[in-house]
file model_26.txt (compact mmCIF, C-alpha atoms and all ligand atoms)
# COMPACT_ATOMS: atom_id res chain seq x y z
CA MET Z 679 0.00 0.00 0.00
CA VAL Z 680 1.10 3.53 -0.59
CA TYR Z 681 0.46 6.63 1.44
CA ARG Z 682 1.31 9.86 -0.28
CA PRO Z 683 2.17 12.86 1.84
CA LYS Z 684 1.78 16.14 0.05
CA ILE Z 685 5.29 17.30 -0.58
CA PHE Z 686 5.43 21.03 -0.78
CA LEU Z 687 5.61 22.04 -4.40
CA TRP Z 688 7.58 25.10 -5.31
CA MET Z 689 5.27 27.13 -7.49
CA LEU Z 690 6.94 29.73 -9.55
CA PHE Z 691 5.75 33.26 -10.10
CA VAL Z 692 8.21 35.31 -12.04
CA VAL Z 693 8.30 38.75 -13.50
CA LEU Z 694 10.50 39.40 -16.44
CA ALA Z 695 11.80 42.84 -17.16
CA CYS Z 696 12.17 44.25 -20.65
CA GLY Z 697 15.66 45.40 -21.41
CA ALA Z 698 15.18 48.51 -23.54
CA GLY Z 699 17.45 51.44 -22.86
CA GLN Z 700 20.37 49.50 -21.46
CA GLY Z 701 22.65 51.02 -24.02
CA GLN Z 702 23.41 47.78 -25.78
CA GLN Z 703 23.51 48.24 -29.52
CA ASP Z 704 24.44 44.67 -30.37
CA GLY Z 705 20.98 43.16 -30.84
CA SER Z 706 20.87 41.66 -27.37
CA VAL Z 707 18.09 44.08 -26.37
CA ASP Z 708 15.97 42.93 -29.26
CA TYR Z 709 16.52 39.24 -28.45
CA ASN Z 710 15.87 39.94 -24.78
CA ASN Z 711 12.60 41.75 -25.43
CA ARG Z 712 11.35 39.11 -27.86
CA GLY Z 713 12.33 36.48 -25.28
CA VAL Z 714 10.29 38.28 -22.63
CA GLU Z 715 7.30 38.40 -24.96
CA ALA Z 716 7.60 34.66 -25.64
CA PHE Z 717 7.83 34.03 -21.90
CA LYS Z 718 4.71 36.05 -21.24
CA ALA Z 719 2.91 34.05 -23.93
CA GLY Z 720 3.96 30.85 -22.12
CA ASN Z 721 6.20 29.72 -24.98
CA PHE Z 722 9.18 28.72 -22.87
CA PRO Z 723 11.22 26.88 -25.53
CA LEU Z 724 11.13 30.00 -27.72
CA ALA Z 725 11.85 32.26 -24.74
CA ILE Z 726 14.89 30.14 -23.88
CA GLU Z 727 16.12 30.20 -27.47
CA LEU Z 728 15.83 33.99 -27.76
CA LEU Z 729 17.24 34.75 -24.33
CA GLU Z 730 20.18 32.44 -24.97
CA GLN Z 731 20.94 34.55 -28.05
CA ALA Z 732 20.74 37.68 -25.91
CA TYR Z 733 22.97 36.08 -23.29
CA ALA Z 734 25.56 35.09 -25.90
CA LEU Z 735 25.74 38.73 -27.02
CA ALA Z 736 25.63 40.28 -23.54
CA PRO Z 737 26.84 37.72 -21.00
CA GLU Z 738 27.60 40.46 -18.47
CA SER Z 739 24.02 41.77 -18.39
CA GLY Z 740 22.35 40.90 -15.08
CA LEU Z 741 18.97 41.58 -16.62
CA VAL Z 742 19.45 39.09 -19.45
CA ARG Z 743 20.87 36.50 -17.05
CA GLY Z 744 17.88 36.92 -14.72
CA ASN Z 745 15.44 36.61 -17.59
CA LEU Z 746 17.13 33.53 -19.02
CA CYS Z 747 17.17 31.98 -15.56
CA ASN Z 748 13.42 32.65 -15.25
CA ALA Z 749 12.76 31.16 -18.66
CA PHE Z 750 14.53 27.93 -17.65
CA GLN Z 751 12.54 27.93 -14.41
CA GLY Z 752 9.30 28.56 -16.29
CA GLN Z 753 9.97 25.55 -18.53
CA ALA Z 754 10.89 23.45 -15.48
CA ASN Z 755 7.74 24.57 -13.67
CA GLU Z 756 5.58 23.44 -16.56
CA LEU Z 757 7.10 19.95 -16.22
CA ILE Z 758 6.79 20.01 -12.42
CA VAL Z 759 3.07 20.75 -12.65
CA ARG Z 760 2.79 17.58 -14.79
CA LYS Z 761 4.85 15.79 -12.09
CA ASP Z 762 7.60 15.07 -14.62
CA TYR Z 763 10.34 16.02 -12.15
CA ARG Z 764 13.11 14.13 -13.91
CA SER Z 765 12.72 16.13 -17.12
CA ALA Z 766 12.74 19.39 -15.14
CA LEU Z 767 16.22 18.75 -13.70
CA PRO Z 768 18.39 19.84 -16.67
CA TYR Z 769 16.50 23.13 -17.04
CA LEU Z 770 17.08 23.96 -13.40
CA GLU Z 771 20.75 23.06 -13.62
CA ARG Z 772 21.06 25.43 -16.57
CA ALA Z 773 19.19 28.13 -14.61
CA ILE Z 774 21.70 27.81 -11.76
CA LYS Z 775 24.63 27.97 -14.14
CA VAL Z 776 23.36 31.20 -15.68
CA ASP Z 777 22.42 32.87 -12.38
CA PRO Z 778 24.44 31.18 -9.62
CA GLU Z 779 23.64 33.79 -6.97
CA ASN Z 780 19.89 33.21 -7.27
CA ALA Z 781 18.44 30.89 -4.59
CA SER Z 782 15.13 30.31 -6.39
CA PRO Z 783 16.20 27.68 -8.97
CA ARG Z 784 18.07 25.83 -6.23
CA VAL Z 785 14.91 25.66 -4.09
CA GLN Z 786 12.98 24.42 -7.10
CA LEU Z 787 15.69 21.86 -7.90
CA GLY Z 788 15.75 20.70 -4.27
CA SER Z 789 11.97 20.23 -4.43
CA CYS Z 790 12.29 18.13 -7.60
CA TYR Z 791 14.94 15.91 -6.00
CA LEU Z 792 12.66 15.42 -2.98
CA ASN Z 793 9.83 14.38 -5.23
CA LEU Z 794 12.22 11.93 -6.87
CA ALA Z 795 13.25 10.69 -3.40
CA GLU Z 796 16.87 11.69 -4.10
CA VAL Z 797 17.37 13.09 -0.66
CA ASN Z 798 21.11 13.72 -0.60
CA ALA Z 799 20.98 15.69 -3.83
CA ALA Z 800 18.05 17.70 -2.41
CA ILE Z 801 19.94 18.56 0.78
CA VAL Z 802 22.92 19.92 -1.18
CA GLN Z 803 20.69 22.28 -3.20
CA LEU Z 804 18.55 23.44 -0.27
CA GLU Z 805 21.50 24.15 1.98
CA ALA Z 806 23.11 26.14 -0.84
CA ALA Z 807 19.84 28.09 -1.31
CA ILE Z 808 19.75 28.96 2.39
CA ASP Z 809 23.39 30.11 2.25
CA LEU Z 810 22.41 32.47 -0.57
CA THR Z 811 19.18 33.69 1.06
CA PRO Z 812 19.17 33.01 4.79
CA GLY Z 813 15.68 32.72 6.26
CA GLU Z 814 14.02 31.68 2.98
CA LEU Z 815 11.11 29.80 4.54
CA ASN Z 816 10.31 27.54 1.58
CA ALA Z 817 13.92 26.37 1.50
CA HIS Z 818 13.85 25.69 5.25
CA GLU Z 819 10.56 23.81 4.98
CA LEU Z 820 11.88 21.64 2.16
CA LEU Z 821 15.17 21.08 3.96
CA GLY Z 822 13.17 19.86 6.97
CA GLN Z 823 11.32 17.49 4.63
CA ALA Z 824 14.66 16.22 3.28
CA TYR Z 825 15.96 15.53 6.80
CA TYR Z 826 12.68 13.83 7.63
CA MET Z 827 12.97 11.61 4.56
CA ASP Z 828 16.55 10.87 5.62
CA ASN Z 829 15.10 9.81 9.00
CA ASP Z 830 17.04 12.54 10.80
CA LEU Z 831 14.03 13.63 12.83
CA SER Z 832 15.78 16.05 15.18
CA SER Z 833 17.25 18.07 12.30
CA ALA Z 834 13.84 18.03 10.62
CA ARG Z 835 12.27 19.35 13.80
CA GLU Z 836 14.79 22.20 13.97
CA GLN Z 837 13.91 23.39 10.45
CA TRP Z 838 10.15 22.99 10.85
CA ASP Z 839 10.07 24.64 14.29
CA TYR Z 840 11.68 27.68 12.73
CA VAL Z 841 9.30 27.78 9.75
CA LEU Z 842 6.19 27.34 11.90
CA GLU Z 843 7.38 29.99 14.31
CA MET Z 844 7.85 32.47 11.45
CA ASP Z 845 4.65 31.41 9.63
CA PRO Z 846 2.15 29.50 11.81
CA GLN Z 847 -0.37 29.48 8.94
CA ARG Z 848 1.32 26.57 7.16
CA THR Z 849 -1.35 24.02 8.06
CA GLU Z 850 -0.14 21.35 5.62
CA LEU Z 851 3.30 21.52 7.23
CA LYS Z 852 1.75 21.36 10.68
CA LYS Z 853 0.10 18.06 9.73
CA ARG Z 854 3.37 16.61 8.50
CA TYR Z 855 5.10 17.92 11.63
CA ASP Z 856 2.58 16.15 13.87
CA LYS Z 857 2.89 12.92 11.88
CA ALA Z 858 6.69 13.00 12.07
CA PHE Z 859 6.72 13.49 15.81
CA ARG Z 860 4.07 10.86 16.42
CA GLU Z 861 6.48 8.51 14.63
CA GLU Z 862 9.40 9.85 16.63
CA SER Z 863 7.62 9.08 19.90
CA VAL Z 864 7.35 5.43 18.80
CA GLU Z 865 10.82 5.17 17.26
CA TYR Z 866 12.89 7.14 19.78
CA ASP Z 867 14.77 4.07 21.09
CA PHE Z 868 15.01 2.19 17.78
CA ASN Z 869 18.38 0.94 16.61
CA GLN Z 870 19.72 1.46 13.12
CA TRP Z 871 21.39 -0.92 10.82
CA LYS Z 872 22.94 0.02 7.50
CA SER Z 873 23.32 -2.26 4.53
CA ARG Z 874 24.64 -1.15 1.18
CA HIS Z 875 21.32 0.16 -0.08
CA PHE Z 876 19.05 0.22 2.94
CA ARG Z 877 18.98 1.88 6.32
CA ILE Z 878 16.89 -0.26 8.62
CA SER Z 879 15.44 1.01 11.91
CA TYR Z 880 14.07 -1.56 14.32
CA PRO Z 881 12.90 -1.89 17.91
CA PRO Z 882 15.55 -2.98 20.42
CA ASN Z 883 14.03 -6.39 21.16
CA ILE Z 884 14.29 -7.84 17.64
CA PRO Z 885 16.22 -11.13 17.43
CA ALA Z 886 19.44 -10.79 15.40
CA ALA Z 887 18.41 -13.67 13.11
CA LEU Z 888 15.18 -11.89 12.15
CA ARG Z 889 17.06 -8.68 11.43
CA SER Z 890 19.40 -10.44 9.07
CA THR Z 891 16.45 -12.21 7.41
CA VAL Z 892 14.92 -8.82 6.68
CA SER Z 893 18.19 -7.54 5.34
CA SER Z 894 18.69 -10.44 2.96
CA ILE Z 895 15.07 -10.24 1.72
CA LEU Z 896 15.63 -6.57 0.91
CA ASP Z 897 19.01 -7.08 -0.75
CA ARG Z 898 17.52 -9.77 -2.94
CA ALA Z 899 14.52 -7.58 -3.78
CA TYR Z 900 16.90 -4.76 -4.73
CA ILE Z 901 18.43 -6.95 -7.43
CA ASP Z 902 15.32 -8.90 -8.51
CA ILE Z 903 12.86 -6.01 -8.71
CA GLY Z 904 15.51 -3.72 -10.17
CA ARG Z 905 16.09 -6.22 -12.97
CA ALA Z 906 12.41 -7.02 -13.46
CA LEU Z 907 11.73 -3.32 -14.00
CA GLY Z 908 14.44 -2.79 -16.56
CA GLY Z 909 17.56 -2.16 -14.45
CA VAL Z 910 16.29 0.50 -12.07
CA PHE Z 911 18.25 0.82 -8.83
CA PRO Z 912 17.20 3.77 -6.66
CA PRO Z 913 19.99 5.64 -4.91
CA PRO Z 914 20.69 4.84 -1.26
CA PRO Z 915 19.68 5.21 1.44
CA ILE Z 916 16.24 3.60 1.23
CA HIS Z 917 14.72 3.78 4.68
CA VAL Z 918 12.96 0.78 6.15
CA ILE Z 919 11.29 0.91 9.55
CA LEU Z 920 10.30 -2.27 11.32
CA TYR Z 921 7.76 -2.33 14.12
CA THR Z 922 5.68 -4.59 16.27
CA ALA Z 923 2.04 -4.57 15.11
CA GLU Z 924 1.14 -2.31 18.00
CA GLN Z 925 3.91 0.19 17.24
CA PHE Z 926 2.98 0.12 13.54
CA THR Z 927 -0.58 1.13 14.34
CA GLU Z 928 0.55 3.80 16.77
CA ALA Z 929 3.10 5.34 14.37
CA THR Z 930 1.04 5.17 11.17
CA ARG Z 931 -2.54 5.26 12.49
CA LEU Z 932 -3.40 2.80 9.74
CA GLU Z 933 -6.08 0.22 10.30
CA GLN Z 934 -5.27 -3.36 11.17
CA HIS Z 935 -5.97 -4.83 7.75
CA ILE Z 936 -3.12 -2.76 6.25
CA GLY Z 937 -0.06 -5.00 6.24
CA ALA Z 938 2.67 -2.48 5.44
CA VAL Z 939 3.08 0.91 3.81
CA TYR Z 940 5.45 2.95 1.68
CA ASP Z 941 5.16 6.65 2.45
CA GLY Z 942 8.68 7.59 1.36
CA LYS Z 943 9.92 5.03 3.89
CA ILE Z 944 9.00 1.36 3.90
CA ARG Z 945 7.18 0.63 7.16
CA THR Z 946 6.22 -2.86 8.13
CA PRO Z 947 5.26 -4.71 11.29
CA LEU Z 948 7.18 -7.87 12.13
CA THR Z 949 4.42 -9.36 14.24
CA ASP Z 950 0.72 -9.99 13.91
CA ALA Z 951 -1.77 -8.24 16.19
CA GLY Z 952 -1.29 -11.00 18.77
CA GLY Z 953 2.44 -10.27 19.00
CA VAL Z 954 3.51 -13.44 17.14
CA TRP Z 955 6.37 -13.04 14.61
CA LEU Z 956 5.10 -13.12 11.03
CA PRO Z 957 6.11 -16.20 9.03
CA GLN Z 958 9.09 -15.47 6.79
CA GLU Z 959 7.05 -15.96 3.62
CA GLU Z 960 4.51 -13.32 4.71
CA LEU Z 961 7.22 -10.89 5.77
CA GLU Z 962 8.95 -11.35 2.43
CA ARG Z 963 5.73 -10.75 0.51
CA ARG Z 964 5.12 -7.48 2.36
CA LEU Z 965 8.68 -6.19 2.05
CA VAL Z 966 8.95 -7.07 -1.64
CA HIS Z 967 5.56 -5.46 -2.32
CA GLU Z 968 6.63 -2.20 -0.65
CA TYR Z 969 10.04 -2.23 -2.31
CA ALA Z 970 8.32 -2.62 -5.70
CA HIS Z 971 6.58 0.70 -4.92
CA VAL Z 972 9.97 2.32 -4.37
CA VAL Z 973 11.22 1.21 -7.79
CA ALA Z 974 7.96 1.90 -9.61
CA ARG Z 975 7.91 5.40 -8.18
CA SER Z 976 11.42 6.05 -9.36
CA ILE Z 977 10.29 5.16 -12.90
CA ALA Z 978 6.83 6.70 -13.12
CA GLY Z 979 6.89 9.21 -10.25
CA ASP Z 980 3.54 10.08 -8.71
CA ASN Z 981 1.68 9.65 -11.97
CA MET Z 982 0.60 6.03 -11.61
CA PRO Z 983 -3.11 5.29 -11.19
CA TRP Z 984 -3.72 3.34 -7.97
CA TRP Z 985 -4.46 0.11 -9.85
CA VAL Z 986 -1.17 0.27 -11.75
CA ASN Z 987 0.92 0.99 -8.66
CA GLU Z 988 -0.69 -1.70 -6.52
CA GLY Z 989 -1.05 -4.16 -9.39
CA LEU Z 990 2.67 -3.92 -10.11
CA ALA Z 991 3.61 -4.34 -6.47
CA GLU Z 992 1.34 -7.38 -6.20
CA THR Z 993 2.57 -8.92 -9.45
CA LEU Z 994 6.18 -8.53 -8.37
CA SER Z 995 5.65 -9.90 -4.86
CA LYS Z 996 3.44 -12.94 -5.42
CA SER Z 997 1.65 -14.94 -8.07
CA LEU Z 998 -2.07 -14.98 -8.53
CA SER Z 999 -3.36 -18.23 -6.99
CA ASP Z 1000 -6.00 -20.42 -8.61
CA THR Z 1001 -8.36 -19.66 -5.73
CA GLU Z 1002 -7.93 -15.94 -6.32
CA LYS Z 1003 -8.55 -16.37 -10.05
CA THR Z 1004 -11.71 -18.33 -9.37
CA ARG Z 1005 -12.91 -15.76 -6.90
CA LEU Z 1006 -12.24 -12.94 -9.32
CA GLY Z 1007 -13.85 -14.89 -12.18
CA GLN Z 1008 -17.02 -15.22 -10.08
CA ALA Z 1009 -16.98 -11.53 -9.22
CA TYR Z 1010 -16.71 -10.68 -12.95
CA GLY Z 1011 -19.50 -13.16 -13.70
CA ARG Z 1012 -21.79 -11.40 -11.24
CA SER Z 1013 -20.59 -7.97 -12.43
CA GLU Z 1014 -19.51 -7.23 -8.88
CA VAL Z 1015 -16.23 -5.68 -9.93
CA TYR Z 1016 -14.92 -2.16 -10.20
CA SER Z 1017 -14.19 -0.40 -13.44
CA LEU Z 1018 -10.51 0.48 -13.75
CA ALA Z 1019 -11.56 4.14 -13.78
CA GLN Z 1020 -12.90 3.62 -10.25
CA LEU Z 1021 -9.52 2.23 -9.23
CA GLU Z 1022 -7.46 5.21 -10.35
CA SER Z 1023 -7.55 7.41 -7.30
CA ASN Z 1024 -5.71 6.83 -4.03
CA GLN Z 1025 -9.09 7.10 -2.30
CA VAL Z 1026 -9.36 3.36 -3.00
CA ALA Z 1027 -7.07 2.85 0.01
CA SER Z 1028 -9.93 3.91 2.27
CA PHE Z 1029 -12.34 1.22 0.98
CA ASN Z 1030 -13.58 -1.25 3.60
CA PRO Z 1031 -11.39 -4.38 3.97
CA GLU Z 1032 -13.50 -6.64 1.77
CA ALA Z 1033 -13.83 -4.07 -1.03
CA LEU Z 1034 -10.13 -3.29 -0.80
CA ARG Z 1035 -9.24 -6.96 -1.18
CA LEU Z 1036 -11.24 -7.12 -4.42
CA ALA Z 1037 -9.61 -3.90 -5.66
CA TYR Z 1038 -6.14 -5.37 -5.06
CA LEU Z 1039 -7.12 -8.60 -6.76
CA GLN Z 1040 -8.43 -6.83 -9.85
CA SER Z 1041 -5.36 -4.62 -10.05
CA HIS Z 1042 -3.08 -7.61 -9.65
CA ALA Z 1043 -4.91 -9.55 -12.38
CA SER Z 1044 -4.87 -6.56 -14.75
CA ILE Z 1045 -1.12 -5.96 -14.50
CA ASP Z 1046 -0.44 -9.70 -14.50
CA PHE Z 1047 -2.42 -10.00 -17.75
CA LEU Z 1048 -0.57 -7.11 -19.42
CA TRP Z 1049 2.82 -8.37 -18.32
CA ARG Z 1050 2.24 -11.99 -19.38
CA ARG Z 1051 0.59 -11.19 -22.68
CA PHE Z 1052 2.75 -8.33 -23.91
CA GLY Z 1053 5.98 -8.66 -21.99
CA HIS Z 1054 8.38 -6.53 -20.16
CA SER Z 1055 9.32 -3.82 -22.64
CA LYS Z 1056 5.69 -2.80 -23.23
CA MET Z 1057 5.25 -2.48 -19.48
CA MET Z 1058 8.26 -0.17 -19.37
CA SER Z 1059 6.79 1.94 -22.20
CA PHE Z 1060 3.51 2.07 -20.28
CA LEU Z 1061 5.24 3.33 -17.12
CA ARG Z 1062 7.25 5.88 -19.06
CA ALA Z 1063 4.09 7.16 -20.73
CA LEU Z 1064 2.55 7.60 -17.28
CA ARG Z 1065 5.66 9.37 -16.05
CA SER Z 1066 5.34 11.97 -18.78
CA GLY Z 1067 1.87 12.84 -17.46
CA THR Z 1068 -0.31 10.79 -19.84
CA SER Z 1069 -3.50 9.59 -18.11
CA GLY Z 1070 -3.92 5.89 -17.28
CA GLU Z 1071 -6.38 5.09 -20.04
CA ALA Z 1072 -4.58 7.16 -22.68
CA ALA Z 1073 -1.28 5.45 -21.82
CA LEU Z 1074 -2.99 2.05 -22.03
CA GLN Z 1075 -4.47 3.00 -25.39
CA SER Z 1076 -1.18 4.21 -26.84
CA VAL Z 1077 0.98 1.33 -25.62
CA TYR Z 1078 -1.45 -1.62 -25.58
CA ARG Z 1079 -4.07 -0.43 -28.09
CA ARG Z 1080 -6.95 -1.04 -25.70
CA ASN Z 1081 -9.15 1.10 -23.52
CA TYR Z 1082 -10.17 0.30 -19.94
CA ALA Z 1083 -13.34 -1.55 -20.99
CA ARG Z 1084 -11.33 -3.84 -23.28
CA LEU Z 1085 -8.74 -4.60 -20.59
CA GLU Z 1086 -11.53 -5.36 -18.11
CA GLN Z 1087 -12.96 -7.88 -20.62
CA ASP Z 1088 -9.50 -9.41 -21.19
CA VAL Z 1089 -9.00 -9.87 -17.46
CA ALA Z 1090 -12.48 -11.36 -17.00
CA VAL Z 1091 -11.74 -13.90 -19.74
CA SER Z 1092 -8.30 -14.71 -18.30
CA CYS Z 1093 -9.94 -15.67 -14.98
CA ASN Z 1094 -12.15 -18.31 -16.56
ZN ZN Z 1101 0.99 -1.30 -1.97

call {"tool": "encode", "arguments": {"input": "model_26.txt", "output": "structure tokens", "more": "lines below"}}
Ligand SMILES: [Zn+2]
result
Amino acid sequence: MVYRPKIFLWMLFVVLACGAGQGQQDGSVDYNNRGVEAFKAGNFPLAIELLEQAYALAPESGLVRGNLCNAFQGQANELIVRKDYRSALPYLERAIKVDPENASPRVQLGSCYLNLAEVNAAIVQLEAAIDLTPGELNAHELLGQAYYMDNDLSSAREQWDYVLEMDPQRTELKKRYDKAFREESVEYDFNQWKSRHFRISYPPNIPAALRSTVSSILDRAYIDIGRALGGVFPPPPIHVILYTAEQFTEATRLEQHIGAVYDGKIRTPLTDAGGVWLPQEELERRLVHEYAHVVARSIAGDNMPWWVNEGLAETLSKSLSDTEKTRLGQAYGRSEVYSLAQLESNQVASFNPEALRLAYLQSHASIDFLWRRFGHSKMMSFLRALRSGTSGEAALQSVYRRNYARLEQDVAVSCN
């Protein structure tokens, strides 16, 4: 299962100045002014092209540099709004190169890295932004988020305390602050264990053998899932927090039927509600499922419909049993199934347990069908289409030549 916190998005509002009357007779003024017009019309590629011409002619002009920087940021912002953070990165790097004393593109770049879960890269940019503009609240808020994602809760608290003191109206931040410190109150005495890719936090009373079981499950998943999804290996550290069932409920406030969660960190209980250690097979299924979310997110970002995200995680962590197929076949027969459109939103996660089980099963069967029938490289194209902001059904149509209704029929048939 996936819980998505709202990560603060750096929205960009820029004003470009026209450069007439700067005394430059070399054509740079003309390029600059046409670039500004293109920017105002929202044509960022043209604005960049024209302002780069102006910059080549007048590299010393602060005005031209500022405008070109804004044009790169405008283009990046357009991609950020579509959640295509990866494609925004090169524009922001170019913005920083052109206007290195400007904190704004660094804040925006830090925000992109956070959304891509590349925490170390985010910290570098946000700290640099704060050096350039001390007290910039958005940079401090994002830096707190980066520390939080890095599981450095006391540094996160320091940043967020400052931001909330200066601006108590940030209610979204206040929610995240409360969540973080509810977790901290559960995890304050946890130990940490580092492997090459993972940083694992666990309660003090965990047997050493269980800890190393978890570690080897994760290391194997890192290789297997990475390969299954086309050689994708997210940068370390990937945080994993292990709990007892009771601690899991207290830290996450999730209901008992939720087995584990990925909310930027993989969180899983090691025991059942009665305090008995989970069987290794069950623990492995949960950890692999959550790790599949980590990899899928690093390919498609936040643009996956719920059924794709959960269907992938299920397909990669277990096979569909005959009993499940029969059950699903019967549900299709009685038309007691969801349409895939109903399974797009993350609101599905709040379905009642029985409804949620069916939603998982349908998602699993749908991805399983696509993967088996059309193979791995089509699945990669599908995820990349989603990453670029294409909607679920449009991506399905363009890669698999079928709409939702057709896929629903295919899956119903495959269950019989
Ligand atoms: Zn999941």

call {"tool": "residues_near_ligand", "arguments": {"input": "model_26.txt", "ligand": "ligand ZN 1101 (chain Z)", "cutoff": "9 Å", "atoms": "only C-alpha atoms and all ligand atoms", "output": "ChimeraX atom specification"}}
result
/Z:679-681,938-940,964,967-968,970-971,984,987-992,1038

call {"tool": "closest_residue", "arguments": {"input": "model_26.txt", "among": "Z:Ser879, Z:Ser1055, Z:Gln1020, Z:Asn816", "to": "Tyr1082 of chain Z", "atoms": "only C-alpha atoms"}}
result
Z:Gln1020

call {"tool": "closest_residue", "arguments": {"input": "model_26.txt", "among": "Z:Asn711, Z:Leu724, Z:Glu850, Z:Tyr763", "to": "Leu741 of chain Z", "atoms": "all atoms listed in the file"}}
result
Z:Asn711

call {"tool": "closest_residue", "arguments": {"input": "model_26.txt", "among": "Z:Gly1067, Z:Gly813, Z:Pro778, Z:Gly1011", "to": "Leu757 of chain Z", "atoms": "all atoms listed in the file"}}
result
Z:Gly1067

call {"tool": "closest_atom_pairs", "arguments": {"input": "model_26.txt", "of": "segment 951-1004 of chain Z", "to": "segment 886-899 of chain Z", "cutoff": "8 Å", "atoms": "only C-alpha atoms", "output": "Markdown table"}}
result
| residue | atom | partner | partner_atom | distance |
| --- | --- | --- | --- | --- |
| Z:Glu962 | CA | Z:Ile895 | CA | 6.3 |
| Z:Leu965 | CA | Z:Leu896 | CA | 7.1 |
| Z:Val966 | CA | Z:Ala899 | CA | 6.0 |
| Z:Tyr969 | CA | Z:Ala899 | CA | 7.1 |

call {"tool": "residues_around", "arguments": {"input": "model_26.txt", "residues": "Gly705 of chain Z", "least_positions_apart": "6", "cutoff": "10 Å", "atoms": "only C-alpha atoms", "output": "mmCIF file with C-alpha atoms, in the coordinates of the input"}}
result
data_model
loop_
_atom_site.group_PDB
_atom_site.id
_atom_site.type_symbol
_atom_site.label_atom_id
_atom_site.label_comp_id
_atom_site.auth_asym_id
_atom_site.auth_seq_id
_atom_site.Cartn_x
_atom_site.Cartn_y
_atom_site.Cartn_z
ATOM 1 C CA GLN Z 731 20.940 34.550 -28.050
ATOM 2 C CA ALA Z 732 20.740 37.680 -25.910
ATOM 3 C CA LEU Z 735 25.740 38.730 -27.020
ATOM 4 C CA ALA Z 736 25.630 40.280 -23.540
#

call {"tool": "closest_residue", "arguments": {"input": "model_26.txt", "among": "Z:Asn981, Z:Thr1004, Z:Ser1076, Z:Ser1069", "to": "Lys1056 of chain Z", "atoms": "all atoms listed in the file"}}
result
Z:Ser1076

call {"tool": "residues_around", "arguments": {"input": "model_26.txt", "residues": "Pro947 of chain Z", "least_positions_apart": "6", "cutoff": "8 Å", "atoms": "only C-alpha atoms", "output": "PDB file with C-alpha atoms, keeping the file's coordinate frame"}}
result
ATOM      1  CA  LEU Z 920      10.300  -2.270  11.320  1.00  0.00           C
ATOM      2  CA  TYR Z 921       7.760  -2.330  14.120  1.00  0.00           C
ATOM      3  CA  THR Z 922       5.680  -4.590  16.270  1.00  0.00           C
ATOM      4  CA  ALA Z 923       2.040  -4.570  15.110  1.00  0.00           C
ATOM      5  CA  GLN Z 925       3.910   0.190  17.240  1.00  0.00           C
ATOM      6  CA  PHE Z 926       2.980   0.120  13.540  1.00  0.00           C
ATOM      7  CA  GLY Z 937      -0.060  -5.000   6.240  1.00  0.00           C
ATOM      8  CA  ALA Z 938       2.670  -2.480   5.440  1.00  0.00           C
TER       9      ALA Z 938
END

call {"tool": "residues_around", "arguments": {"input": "model_26.txt", "residues": "segment 927-934 of chain Z", "least_positions_apart": "3", "cutoff": "7 Å", "atoms": "all atoms listed in the file", "output": "ChimeraX atom specification"}}
result
/Z:860-861,864,923-924

call {"tool": "residues_near_point", "arguments": {"input": "model_26.txt", "point": "(21.9, 6.9, 2.8)", "cutoff": "8 Å", "atoms": "only C-alpha atoms", "output": "PyMOL selection string"}}
result
chain Z and resi 798+828+875-877+914-916

call {"tool": "closest_residue", "arguments": {"input": "model_26.txt", "among": "Z:Asp1000, Z:Glu715, Z:Arg764, Z:His935", "to": "Leu1034 of chain Z", "atoms": "all atoms listed in the file"}}
result
Z:His935

call {"tool": "axis_aligned_box", "arguments": {"input": "model_26.txt", "around": "segment 747-756 of chain Z", "padding_each_side": "8 Å", "output": "lines of an AutoDock Vina configuration file"}}
result
center_x = 11.4
center_y = 28.0
center_z = -16.2
size_x = 27.6
size_y = 25.2
size_z = 21.0

call {"tool": "atom_distance", "arguments": {"input": "model_26.txt", "atom1": "atom CA of Ser1092 of chain Z", "atom2": "atom CA of Gly909 of chain Z"}}
result
29.0 Å
